[in-house]
>>> print(open('protein04.txt').read())   # compact mmCIF, C-alpha atoms and all ligand atoms
# COMPACT_ATOMS: atom_id res chain seq x y z
CA MET A 267 93.12 -91.95 -45.63
CA ALA A 268 90.21 -93.95 -44.20
CA VAL A 269 86.59 -93.37 -43.23
CA SER A 270 83.51 -95.59 -43.03
CA HIS A 271 80.06 -94.83 -44.40
CA TYR A 272 78.03 -94.78 -41.20
CA GLN A 273 80.56 -92.76 -39.27
CA VAL A 274 80.58 -89.86 -41.73
CA GLU A 275 77.62 -89.94 -44.14
CA GLY A 276 74.62 -89.20 -41.90
CA ASP A 277 70.89 -90.04 -41.98
CA ASP A 278 71.28 -93.71 -42.81
CA ALA A 279 68.44 -95.76 -41.32
CA CYS A 280 69.80 -99.18 -40.41
CA ASP A 281 70.28 -101.57 -37.50
CA TRP A 282 72.54 -99.03 -35.76
CA THR A 283 69.93 -96.27 -35.81
CA GLU A 284 67.55 -98.69 -34.08
CA TRP A 285 70.26 -99.51 -31.57
CA GLU A 286 70.72 -95.81 -30.85
CA ALA A 287 66.97 -95.22 -30.54
CA ALA A 288 66.83 -98.01 -27.97
CA GLY A 289 69.43 -96.10 -25.92
CA LYS A 290 72.09 -98.75 -26.28
CA THR A 291 75.00 -96.45 -27.06
CA ARG A 292 76.95 -94.45 -24.50
CA GLY A 293 77.53 -91.51 -26.80
CA GLY A 294 74.11 -90.78 -28.29
CA PRO A 295 72.80 -91.03 -31.84
CA CYS A 296 74.67 -90.60 -35.12
CA GLU A 297 72.00 -88.49 -36.86
CA ARG A 298 73.61 -86.32 -39.56
CA ALA A 299 77.09 -87.67 -38.80
CA VAL A 300 79.36 -85.16 -40.55
CA ASP A 301 77.14 -84.98 -43.61
CA SER A 302 79.60 -86.61 -45.99
CA TRP A 303 76.71 -88.05 -47.99
CA THR A 304 76.32 -84.60 -49.51
CA ARG A 305 79.81 -83.21 -48.83
CA TYR A 306 81.67 -86.07 -50.49
CA GLU A 307 83.28 -83.86 -53.10
CA ASN A 308 84.71 -81.60 -50.47
CA ASP A 309 85.96 -84.62 -48.50
CA GLY A 310 87.72 -85.87 -51.62
CA TRP A 311 89.44 -82.51 -51.94
CA LEU A 312 90.46 -82.62 -48.30
CA ALA A 313 92.00 -86.06 -48.72
CA ARG A 314 93.94 -84.74 -51.68
CA GLU A 315 94.95 -81.66 -49.75
CA ALA A 316 96.26 -83.95 -47.00
CA GLY A 317 98.51 -85.53 -49.62
CA ALA A 318 96.70 -88.88 -49.72
CA ASN A 319 96.92 -90.90 -52.92
CA ALA A 320 94.26 -93.39 -51.78
CA PHE A 321 90.98 -93.12 -49.91
CA ARG A 322 89.37 -96.05 -48.13
CA PHE A 323 85.62 -95.75 -47.55
CA SER A 324 82.75 -98.17 -47.16
CA VAL A 325 79.40 -98.39 -48.89
CA SER A 326 76.17 -98.51 -46.94
CA TRP A 327 74.30 -101.78 -47.37
CA SER A 328 71.13 -100.22 -45.92
CA ARG A 329 71.12 -97.40 -48.48
CA ILE A 330 71.86 -99.71 -51.37
CA GLU A 331 69.46 -102.53 -50.45
CA PRO A 332 66.79 -100.94 -48.26
CA LYS A 333 64.46 -103.94 -48.77
CA PRO A 334 65.60 -107.50 -49.46
CA GLY A 335 66.41 -107.81 -53.14
CA GLN A 336 65.46 -104.19 -53.91
CA PHE A 337 68.39 -102.06 -54.85
CA ASP A 338 68.49 -98.29 -54.90
CA GLU A 339 70.16 -97.17 -58.11
CA ARG A 340 70.51 -93.60 -56.90
CA ALA A 341 72.53 -94.71 -53.90
CA LEU A 342 74.81 -96.70 -56.20
CA GLU A 343 75.15 -93.71 -58.51
CA ARG A 344 76.19 -91.56 -55.62
CA TYR A 345 79.04 -93.97 -54.83
CA VAL A 346 80.01 -94.00 -58.50
CA ALA A 347 80.16 -90.20 -58.34
CA LEU A 348 82.47 -90.35 -55.33
CA ILE A 349 84.71 -92.84 -57.09
CA ASP A 350 84.86 -90.76 -60.28
CA HIS A 351 85.64 -87.69 -58.23
CA LEU A 352 88.47 -89.42 -56.36
CA ILE A 353 89.95 -90.73 -59.57
CA SER A 354 89.79 -87.26 -61.11
CA LEU A 355 91.88 -86.11 -58.13
CA ASP A 356 94.38 -88.94 -58.60
CA VAL A 357 93.21 -90.55 -55.41
CA GLU A 358 92.73 -94.32 -55.56
CA PRO A 359 89.32 -95.43 -54.24
CA VAL A 360 89.47 -98.43 -51.90
CA VAL A 361 86.01 -99.81 -51.25
CA THR A 362 84.96 -101.68 -48.12
CA LEU A 363 81.69 -103.59 -48.51
CA PHE A 364 80.89 -104.29 -44.86
CA HIS A 365 81.76 -101.96 -42.03
CA TYR A 366 79.52 -103.08 -39.11
CA THR A 367 76.05 -101.84 -40.16
CA HIS A 368 73.23 -103.80 -41.80
CA PRO A 369 69.88 -102.99 -43.33
CA SER A 370 67.18 -103.28 -40.68
CA TRP A 371 65.68 -106.36 -42.37
CA PHE A 372 68.90 -108.35 -42.32
CA HIS A 373 68.92 -109.79 -38.79
CA ASN A 374 65.39 -111.22 -39.20
CA ASP A 375 65.67 -112.25 -42.80
CA SER A 376 69.08 -113.90 -42.92
CA PRO A 377 71.04 -113.50 -39.67
CA TRP A 378 74.75 -114.29 -39.59
CA SER A 379 73.93 -117.48 -37.71
CA SER A 380 72.20 -118.82 -40.86
CA THR A 381 74.02 -119.84 -44.03
CA SER A 382 71.72 -117.60 -46.08
CA SER A 383 73.66 -114.62 -44.65
CA ALA A 384 76.68 -115.32 -46.83
CA ASP A 385 74.48 -115.74 -49.93
CA ARG A 386 72.72 -112.47 -49.17
CA PHE A 387 76.01 -110.67 -48.72
CA GLY A 388 77.35 -112.24 -51.91
CA GLU A 389 74.33 -110.93 -53.86
CA PHE A 390 74.76 -107.47 -52.39
CA ALA A 391 78.48 -107.53 -53.20
CA ALA A 392 77.82 -108.62 -56.79
CA ARG A 393 75.37 -105.79 -57.29
CA VAL A 394 77.78 -103.19 -55.89
CA VAL A 395 80.79 -104.44 -57.81
CA LYS A 396 78.84 -104.50 -61.06
CA ALA A 397 77.68 -100.92 -60.50
CA LEU A 398 81.09 -99.57 -59.50
CA GLY A 399 82.68 -101.22 -62.49
CA ARG A 400 86.29 -101.43 -63.38
CA ARG A 401 87.26 -98.16 -61.79
CA VAL A 402 87.81 -99.77 -58.40
CA ARG A 403 91.11 -101.58 -58.06
CA MET A 404 91.03 -102.47 -54.38
CA TYR A 405 88.19 -104.04 -52.41
CA VAL A 406 87.92 -104.92 -48.75
CA PRO A 407 84.83 -107.14 -48.40
CA LEU A 408 84.87 -107.15 -44.59
CA ASN A 409 86.13 -104.73 -42.00
CA GLU A 410 87.22 -106.43 -38.77
CA PRO A 411 85.05 -109.56 -38.85
CA LEU A 412 86.41 -110.72 -35.51
CA VAL A 413 85.58 -107.43 -33.77
CA PHE A 414 82.08 -107.67 -35.21
CA LEU A 415 81.79 -111.30 -34.04
CA LEU A 416 82.88 -110.47 -30.50
CA ALA A 417 80.89 -107.26 -30.08
CA GLY A 418 77.79 -108.41 -31.97
CA TYR A 419 77.50 -112.04 -30.83
CA PHE A 420 79.64 -112.51 -27.71
CA ASP A 421 79.40 -109.28 -25.71
CA GLY A 422 76.20 -108.22 -27.42
CA GLN A 423 77.30 -104.59 -27.29
CA ILE A 424 76.54 -103.74 -30.91
CA PRO A 425 73.78 -104.90 -33.25
CA PRO A 426 72.47 -107.56 -33.44
CA GLY A 427 73.25 -107.52 -29.69
CA ILE A 428 73.36 -111.24 -29.10
CA ALA A 429 75.50 -112.76 -26.36
CA ASP A 430 75.48 -116.45 -27.10
CA ALA A 431 78.74 -118.36 -27.23
CA ARG A 432 77.00 -121.28 -28.96
CA LEU A 433 76.54 -119.21 -32.11
CA LEU A 434 80.10 -117.98 -32.43
CA ASN A 435 81.45 -120.86 -34.47
CA ARG A 436 78.66 -120.66 -36.99
CA VAL A 437 78.71 -116.88 -37.26
CA PHE A 438 82.47 -116.76 -37.78
CA ASP A 439 82.23 -119.40 -40.48
CA ASN A 440 79.41 -117.50 -42.20
CA LEU A 441 81.38 -114.26 -42.10
CA LEU A 442 84.29 -115.98 -43.79
CA ALA A 443 81.89 -117.57 -46.28
CA ALA A 444 80.57 -114.04 -46.94
CA HIS A 445 84.09 -112.84 -47.62
CA ALA A 446 84.56 -115.71 -50.07
CA ALA A 447 81.20 -115.01 -51.77
CA ALA A 448 82.07 -111.34 -52.20
CA ALA A 449 85.52 -112.29 -53.46
CA ALA A 450 83.96 -114.55 -56.09
CA ALA A 451 81.77 -111.64 -57.24
CA ILE A 452 84.79 -109.33 -57.40
CA ARG A 453 86.79 -111.87 -59.42
CA GLU A 454 83.86 -112.15 -61.82
CA TYR A 455 82.85 -108.50 -62.28
CA ALA A 456 86.07 -106.67 -61.46
CA PRO A 457 88.85 -109.12 -62.27
CA GLN A 458 91.40 -106.31 -62.19
CA ALA A 459 90.74 -105.60 -58.51
CA ALA A 460 92.81 -106.78 -55.58
CA ILE A 461 90.91 -108.24 -52.64
CA GLY A 462 91.86 -107.69 -49.03
CA ILE A 463 90.59 -107.89 -45.50
CA SER A 464 90.91 -105.39 -42.66
CA HIS A 465 91.91 -107.16 -39.49
CA ASN A 466 91.99 -105.34 -36.18
CA MET A 467 95.19 -106.35 -34.40
CA MET A 468 95.67 -105.53 -30.76
CA ALA A 469 98.86 -105.93 -28.76
CA PHE A 470 98.42 -107.79 -25.46
CA ALA A 471 100.77 -107.78 -22.47
CA PRO A 472 100.54 -109.41 -19.03
CA GLU A 473 99.47 -106.88 -16.43
CA ARG A 474 101.84 -108.54 -13.93
CA ARG A 475 104.82 -109.68 -15.91
CA TRP A 476 105.78 -112.25 -13.28
CA HIS A 477 102.33 -113.83 -13.12
CA PRO A 478 102.07 -117.12 -15.02
CA LEU A 479 98.31 -116.87 -15.44
CA ASP A 480 98.43 -113.30 -16.76
CA ARG A 481 101.05 -114.50 -19.21
CA LEU A 482 98.98 -117.50 -20.20
CA LEU A 483 95.86 -115.42 -20.79
CA THR A 484 97.93 -112.93 -22.80
CA ARG A 485 99.04 -115.73 -25.10
CA VAL A 486 95.50 -117.03 -25.44
CA ALA A 487 94.17 -113.55 -26.24
CA HIS A 488 96.85 -113.04 -28.87
CA ALA A 489 96.21 -116.43 -30.48
CA CYS A 490 92.49 -115.77 -30.62
CA TYR A 491 92.28 -112.09 -31.45
CA ASN A 492 95.28 -111.66 -33.70
CA ARG A 493 96.30 -115.01 -35.08
CA GLY A 494 92.97 -116.79 -35.69
CA LEU A 495 92.07 -114.81 -38.78
CA ILE A 496 95.63 -114.82 -40.11
CA GLU A 497 95.63 -118.60 -39.87
CA ALA A 498 92.25 -118.81 -41.61
CA PHE A 499 93.51 -116.84 -44.62
CA ALA A 500 96.96 -118.41 -44.68
CA THR A 501 95.75 -122.01 -44.60
CA GLY A 502 91.99 -122.12 -45.14
CA ARG A 503 91.63 -123.59 -41.62
CA TRP A 504 91.34 -122.08 -38.19
CA LYS A 505 91.18 -123.27 -34.61
CA PHE A 506 91.50 -121.08 -31.54
CA LEU A 507 90.20 -120.79 -28.03
CA LEU A 508 87.97 -117.90 -27.14
CA PRO A 509 88.15 -117.62 -23.34
CA PRO A 510 86.75 -118.90 -21.14
CA GLY A 511 85.85 -122.05 -23.04
CA THR A 512 84.71 -121.72 -26.65
CA ILE A 513 86.70 -123.36 -29.40
CA ILE A 514 86.27 -121.65 -32.74
CA SER A 515 87.31 -123.92 -35.55
CA GLY A 516 86.53 -124.50 -39.18
CA ARG A 517 87.77 -125.01 -42.68
CA ARG A 518 87.25 -123.09 -45.93
CA PRO A 519 89.91 -123.88 -48.49
CA GLU A 520 88.54 -121.18 -50.83
CA LEU A 521 89.83 -118.47 -48.47
CA THR A 522 93.42 -118.87 -49.58
CA GLU A 523 92.40 -117.99 -53.14
CA SER A 524 90.26 -115.06 -52.13
CA LEU A 525 92.90 -112.74 -50.74
CA ASP A 526 95.47 -110.57 -52.53
CA PHE A 527 96.51 -108.29 -49.67
CA PHE A 528 96.11 -108.32 -45.93
CA GLY A 529 95.05 -105.14 -44.13
CA VAL A 530 96.00 -104.45 -40.55
CA ASN A 531 94.04 -102.00 -38.43
CA PHE A 532 96.32 -101.16 -35.54
CA TYR A 533 95.65 -98.89 -32.59
CA SER A 534 96.79 -99.98 -29.15
CA ARG A 535 97.70 -102.52 -26.46
CA LEU A 536 95.70 -104.11 -23.67
CA HIS A 537 97.14 -105.30 -20.37
CA VAL A 538 95.70 -108.60 -19.29
CA ARG A 539 94.96 -109.73 -15.76
CA PHE A 540 93.79 -113.16 -14.65
CA PRO A 541 91.43 -114.02 -13.08
CA GLY A 542 88.96 -111.34 -14.05
CA THR A 543 87.25 -109.32 -11.41
CA THR A 544 84.85 -107.53 -13.73
CA ARG A 545 84.53 -109.96 -16.63
CA VAL A 546 84.56 -113.72 -16.75
CA VAL A 547 87.34 -113.87 -19.26
CA GLY A 548 89.71 -111.57 -17.37
CA ASP A 549 90.45 -107.88 -17.12
CA PHE A 550 91.75 -106.00 -20.11
CA ALA A 551 92.96 -102.45 -19.48
CA TYR A 552 94.92 -99.71 -21.20
CA ARG A 553 97.91 -98.30 -19.25
CA ASP A 554 100.48 -95.72 -20.18
CA ARG A 555 103.46 -98.07 -19.92
CA THR A 556 105.38 -96.42 -22.73
CA GLY A 557 105.04 -92.95 -21.22
CA LEU A 558 103.87 -91.61 -24.59
CA GLY A 559 100.54 -90.54 -23.10
CA LEU A 560 97.04 -91.95 -23.41
CA THR A 561 94.79 -90.78 -26.22
CA ASP A 562 91.51 -88.97 -25.44
CA ASN A 563 89.68 -92.29 -25.27
CA GLY A 564 92.36 -93.79 -23.04
CA TRP A 565 94.26 -95.91 -25.56
CA GLU A 566 97.94 -96.57 -24.97
CA ILE A 567 100.32 -95.40 -27.70
CA VAL A 568 102.62 -98.26 -28.70
CA PRO A 569 104.31 -97.81 -32.07
CA ASP A 570 106.78 -100.64 -31.40
CA GLU A 571 103.90 -103.03 -31.02
CA MET A 572 102.70 -102.10 -34.49
CA ALA A 573 106.02 -103.38 -35.81
CA LYS A 574 105.44 -106.70 -34.02
CA MET A 575 101.91 -107.00 -35.39
CA ILE A 576 103.14 -106.37 -38.92
CA LYS A 577 105.65 -109.16 -38.43
CA GLU A 578 102.91 -111.43 -37.12
CA ALA A 579 100.64 -110.60 -40.05
CA SER A 580 103.36 -111.42 -42.57
CA ALA A 581 102.59 -115.09 -41.77
CA VAL A 582 99.60 -114.78 -44.08
CA GLY A 583 102.01 -114.56 -47.01
CA ARG A 584 100.36 -111.62 -48.78
CA PRO A 585 101.37 -107.99 -49.25
CA LEU A 586 100.50 -106.03 -46.12
CA VAL A 587 98.69 -102.72 -45.93
CA ILE A 588 97.92 -100.70 -42.82
CA THR A 589 94.21 -100.14 -43.47
CA GLU A 590 93.66 -98.08 -40.28
CA ASN A 591 95.82 -96.36 -37.70
CA GLY A 592 95.21 -93.16 -35.80
CA LEU A 593 94.14 -91.63 -32.51
CA ALA A 594 91.51 -89.57 -30.74
CA ASP A 595 93.19 -86.30 -29.83
CA ALA A 596 90.95 -83.24 -29.90
CA ASP A 597 93.71 -80.76 -29.00
CA ASP A 598 96.23 -82.28 -31.39
CA ARG A 599 98.61 -82.61 -28.46
CA LEU A 600 99.83 -86.11 -29.18
CA ARG A 601 99.11 -86.48 -32.90
CA PRO A 602 102.35 -85.04 -34.33
CA ALA A 603 104.52 -87.42 -32.28
CA TYR A 604 102.09 -90.27 -32.89
CA LEU A 605 102.29 -89.77 -36.63
CA ARG A 606 106.09 -89.58 -36.59
CA SER A 607 106.55 -92.68 -34.45
CA HIS A 608 104.13 -94.77 -36.51
CA PHE A 609 105.66 -93.63 -39.79
CA ASP A 610 109.05 -94.59 -38.34
CA VAL A 611 107.65 -98.10 -38.07
CA ILE A 612 106.09 -98.37 -41.52
CA ARG A 613 109.17 -96.92 -43.17
CA GLU A 614 111.15 -99.91 -41.93
CA ALA A 615 108.41 -102.52 -42.34
CA PRO A 616 107.25 -104.52 -45.36
CA VAL A 617 104.02 -102.56 -45.85
CA HIS A 618 102.61 -101.41 -49.15
CA GLY A 619 100.35 -98.66 -47.94
CA TYR A 620 99.09 -96.71 -44.96
CA PHE A 621 95.55 -95.43 -44.39
CA HIS A 622 95.16 -92.94 -41.59
CA TRP A 623 92.06 -93.09 -39.41
CA SER A 624 90.64 -90.62 -40.02
CA LEU A 625 90.15 -87.79 -42.49
CA VAL A 626 87.56 -85.96 -40.39
CA ASP A 627 86.16 -86.20 -36.88
CA ASN A 628 83.33 -88.70 -36.99
CA TYR A 629 80.83 -90.83 -35.12
CA GLU A 630 82.86 -93.24 -33.02
CA TRP A 631 80.21 -95.95 -32.58
CA LEU A 632 79.25 -96.50 -28.94
CA ASP A 633 81.24 -93.42 -27.90
CA GLY A 634 79.40 -91.07 -30.24
CA TYR A 635 81.08 -87.78 -31.09
CA GLY A 636 83.38 -87.70 -28.05
CA PRO A 637 86.61 -89.05 -29.56
CA LYS A 638 88.10 -86.80 -32.26
CA PHE A 639 90.04 -88.88 -34.75
CA GLY A 640 90.14 -86.35 -37.60
CA LEU A 641 93.09 -84.71 -39.27
CA TYR A 642 90.35 -82.16 -39.94
CA GLU A 643 88.16 -81.13 -37.05
CA VAL A 644 84.48 -80.74 -37.78
CA ASP A 645 82.12 -78.18 -36.35
CA ARG A 646 78.91 -80.20 -36.38
CA ALA A 647 76.72 -77.11 -36.15
CA THR A 648 77.98 -75.80 -39.50
CA MET A 649 79.69 -79.00 -40.73
CA GLU A 650 82.69 -76.88 -41.51
CA ARG A 651 85.99 -78.82 -41.69
CA ARG A 652 89.20 -77.19 -40.41
CA PRO A 653 92.65 -78.73 -40.61
CA ARG A 654 94.28 -79.58 -37.30
CA PRO A 655 97.88 -78.35 -37.06
CA SER A 656 99.21 -81.90 -37.48
CA LEU A 657 97.81 -82.09 -41.01
CA THR A 658 101.07 -80.57 -42.22
CA VAL A 659 103.01 -83.27 -40.34
CA PHE A 660 100.92 -85.97 -42.01
CA ARG A 661 101.39 -84.41 -45.41
CA GLU A 662 105.17 -84.29 -45.02
CA LEU A 663 105.45 -87.85 -43.71
CA GLY A 664 103.10 -89.14 -46.37
CA ARG A 665 105.04 -87.42 -49.12
CA GLU A 666 108.29 -88.90 -47.92
CA PHE A 667 106.75 -92.38 -47.57
CA LEU A 668 105.40 -92.21 -51.13
CA ARG A 669 108.72 -90.96 -52.47
CA ASN A 670 110.48 -93.95 -51.02
CA SER A 671 107.87 -96.56 -51.94
CA PRO A 672 108.73 -98.86 -54.80
C1 LIG B 1 88.23 -99.38 -35.80
C2 LIG B 1 87.00 -99.30 -36.66
C3 LIG B 1 86.71 -97.89 -37.13
C4 LIG B 1 86.94 -96.86 -36.05
C5 LIG B 1 88.27 -97.05 -35.40
C6 LIG B 1 88.59 -96.04 -34.32
O1 LIG B 1 88.27 -100.56 -35.08
O2 LIG B 1 87.15 -100.10 -37.80
O3 LIG B 1 85.39 -97.88 -37.62
O4 LIG B 1 85.90 -96.88 -35.15
O5 LIG B 1 88.34 -98.35 -34.86
>>> encode(input="protein04.txt", output="structure tokens")
Amino acid sequence: MAVSHYQVEGDDACDWTEWEAAGKTRGGPCERAVDSWTRYENDGWLAREAGANAFRFSVSWSRIEPKPGQFDERALERYVALIDHLISLDVEPVVTLFHYTHPSWFHNDSPWSSTSSADRFGEFAARVVKALGRRVRMYVPLNEPLVFLLAGYFDGQIPPGIADARLLNRVFDNLLAAHAAAAAAIREYAPQAAIGISHNMMAFAPERRWHPLDRLLTRVAHACYNRGLIEAFATGRWKFLLPPGTIISGRRPELTESLDFFGVNFYSRLHVRFPGTTRVVGDFAYRDRTGLGLTDNGWEIVPDEMAKMIKEASAVGRPLVITENGLADADDRLRPAYLRSHFDVIREAPVHGYFHWSLVDNYEWLDGYGPKFGLYEVDRATMERRPRPSLTVFRELGREFLRNSP
């Protein structure tokens, strides 16, 4: 089961709250989220009730380090309490250290375009890992660094909201340096823990199958979006083209030592059309080509493509885990079939775990509270959680998957 701090906890002042206040989201502000900061015990119970034996969540950097170098012990204690609670329920805590949000001071003090960013993140990571102690056996330093790079520094759609292709190389390198710095802290203070990464993988297909340029752009998109990070962790080097004309390349040999498992976040497929009419790099659109229906936020359902992405990710040479997979489906119309078809894939694939996105309905970033990803729906007036009918499907599939896992 997977959640992230900002999307569920509530009342967390950070760069995203400023972004919301400036009116830069489509879906409105996060505010109380679904109040998991106080309802964490209940959420742990719900995960257990869903049959999960592991719970992936992230910690909030802004709560833990509200001012540079000043750490809030109470915030750390609260995460320790969540971890202890999960362990008491026989649910393995899996801790993500970065899931998109930053303390407000970060982008002025040590932006990702400066090398001090990785040091800062390393210090934060060390502090967290020391506080959480030996109870945590799986860490994910970074969630979807490439998505953050593209949305934060290329499109400028999320904080820090910069659209400057000249910074991309440096920022990507610093993000990977940050992973390595956090990994070093984990090896030092929690040597028992396995270190992973969560990589968002997207299937791409040519909009017009006969069109050579659609096919070419599809290959370029795949090489950049899916393979770049795999290559970085497999070899310690990376080089890929980000359309229309930026080469991202670099070398960090320490990466190969800093990864024990590779996490895939898989959701959907984009159909690629060249040349773009709305964006310089081309048009990317979701279509219902499988006939399985589009989710509430318009994403195509493509379980077979998840199998291909798993195969692709196996090039990294580490155990694979699905660290996110799920859909927005308020009426629970598509979720039962979605769950079955994606479990059909993981049952046959070399994956060591599956984290469903998400436990509860939550704040879906720029789209606010529109998309409902929860196995439990949440009434935000009362914060009451109610199981969607497909919870029983998930529980059955999960039980069977666990029974057959080595
Ligand atoms: C992933 C994000 C996660 C959530 C899902 C729907 O890319 O990691 O926070 O928003 O998409």
>>> closest_residue(input="protein04.txt", among="A:Leu442, A:Met468, A:Val274, A:Ala551", to="Arg503 of chain A", atoms="all atoms listed in the file")
A:Leu442
>>> residues_around(input="protein04.txt", residues="Asp421 of chain A", least_positions_apart="6", cutoff="12 Å", atoms="all atoms listed in the file", output="CSV table (one decimal) with C-alpha atoms, in the frame of the given file")
chain,number,residue,atom,x,y,z
A,413,VAL,CA,85.6,-107.4,-33.8
A,414,PHE,CA,82.1,-107.7,-35.2
A,415,LEU,CA,81.8,-111.3,-34.0
A,427,GLY,CA,73.2,-107.5,-29.7
A,428,ILE,CA,73.4,-111.2,-29.1
A,429,ALA,CA,75.5,-112.8,-26.4
A,430,ASP,CA,75.5,-116.4,-27.1
A,431,ALA,CA,78.7,-118.4,-27.2
A,434,LEU,CA,80.1,-118.0,-32.4
A,545,ARG,CA,84.5,-110.0,-16.6
A,546,VAL,CA,84.6,-113.7,-16.8
A,547,VAL,CA,87.3,-113.9,-19.3
>>> residues_near_ligand(input="protein04.txt", ligand="ligand LIG 1 (chain B)", cutoff="9 Å", atoms="all atoms listed in the file", output="list in words")
Ala268, Val269, Ser270, Tyr272, Gln273, His365, Tyr366, Asn409, Glu410, Val413, Ser464, His465, Asn466, Asn531, Phe532, Tyr533, Glu590, Asn591, Gly592, Leu593, Ala594, Trp623, Ser624, Asn628, Tyr629, Glu630, Trp631, Pro637 and Phe639 of chain A
>>> closest_residue(input="protein04.txt", among="A:Glu315, A:Glu339, A:Asp554, A:Asp627", to="Glu650 of chain A", atoms="all atoms listed in the file")
A:Asp627
>>> closest_residue(input="protein04.txt", among="A:Gly310, A:Pro569, A:Gly276, A:Pro653", to="Leu355 of chain A", atoms="only C-alpha atoms")
A:Gly310
>>> closest_residue(input="protein04.txt", among="A:Gly583, A:Gly529, A:Gly293, A:Pro541", to="Ala460 of chain A", atoms="all atoms listed in the file")
A:Gly529
>>> decode(input="protein04.txt", residues="segment 350-391 of chain A", atoms="C-alpha atoms", output="PDB file, in the first residue's frame")
ATOM      1  CA  ASP A 350       6.195   1.402  15.623  1.00  0.00           C
ATOM      2  CA  HIS A 351       2.477   1.173  15.015  1.00  0.00           C
ATOM      3  CA  LEU A 352       2.940  -0.440  11.593  1.00  0.00           C
ATOM      4  CA  ILE A 353       5.421  -2.931  12.963  1.00  0.00           C
ATOM      5  CA  SER A 354       3.030  -3.817  15.782  1.00  0.00           C
ATOM      6  CA  LEU A 355       0.497  -4.635  13.052  1.00  0.00           C
ATOM      7  CA  ASP A 356       3.017  -6.755  11.147  1.00  0.00           C
ATOM      8  CA  VAL A 357       3.123  -4.211   8.373  1.00  0.00           C
ATOM      9  CA  GLU A 358       6.590  -3.402   7.037  1.00  0.00           C
ATOM     10  CA  PRO A 359       7.271   0.359   6.911  1.00  0.00           C
ATOM     11  CA  VAL A 360       8.883   1.524   3.660  1.00  0.00           C
ATOM     12  CA  VAL A 361      10.119   5.087   3.970  1.00  0.00           C
ATOM     13  CA  THR A 362      10.473   7.526   1.082  1.00  0.00           C
ATOM     14  CA  LEU A 363      12.627  10.556   1.913  1.00  0.00           C
ATOM     15  CA  PHE A 364      11.690  12.845  -0.981  1.00  0.00           C
ATOM     16  CA  HIS A 365       8.273  12.931  -2.574  1.00  0.00           C
ATOM     17  CA  TYR A 366       8.155  16.274  -4.457  1.00  0.00           C
ATOM     18  CA  THR A 367       7.816  18.848  -1.646  1.00  0.00           C
ATOM     19  CA  HIS A 368      10.536  20.973  -0.033  1.00  0.00           C
ATOM     20  CA  PRO A 369      10.784  23.290   2.934  1.00  0.00           C
ATOM     21  CA  SER A 370      10.091  26.852   1.812  1.00  0.00           C
ATOM     22  CA  TRP A 371      13.716  27.889   2.417  1.00  0.00           C
ATOM     23  CA  PHE A 372      15.189  25.219   0.177  1.00  0.00           C
ATOM     24  CA  HIS A 373      14.896  26.800  -3.280  1.00  0.00           C
ATOM     25  CA  ASN A 374      16.651  29.999  -2.127  1.00  0.00           C
ATOM     26  CA  ASP A 375      19.150  28.408   0.181  1.00  0.00           C
ATOM     27  CA  SER A 376      20.386  25.460  -1.862  1.00  0.00           C
ATOM     28  CA  PRO A 377      18.403  24.956  -5.093  1.00  0.00           C
ATOM     29  CA  TRP A 378      18.756  21.720  -7.037  1.00  0.00           C
ATOM     30  CA  SER A 379      20.830  23.601  -9.594  1.00  0.00           C
ATOM     31  CA  SER A 380      23.582  24.044  -6.961  1.00  0.00           C
ATOM     32  CA  THR A 381      25.745  21.232  -5.636  1.00  0.00           C
ATOM     33  CA  SER A 382      24.862  22.223  -2.064  1.00  0.00           C
ATOM     34  CA  SER A 383      21.409  20.689  -2.696  1.00  0.00           C
ATOM     35  CA  ALA A 384      22.755  17.153  -2.516  1.00  0.00           C
ATOM     36  CA  ASP A 385      24.694  17.937   0.679  1.00  0.00           C
ATOM     37  CA  ARG A 386      21.592  19.455   2.241  1.00  0.00           C
ATOM     38  CA  PHE A 387      19.512  16.446   1.314  1.00  0.00           C
ATOM     39  CA  GLY A 388      22.220  14.125   2.613  1.00  0.00           C
ATOM     40  CA  GLU A 389      22.178  15.913   5.987  1.00  0.00           C
ATOM     41  CA  PHE A 390      18.411  15.716   6.156  1.00  0.00           C
ATOM     42  CA  ALA A 391      18.509  12.028   5.240  1.00  0.00           C
TER      43      ALA A 391
END
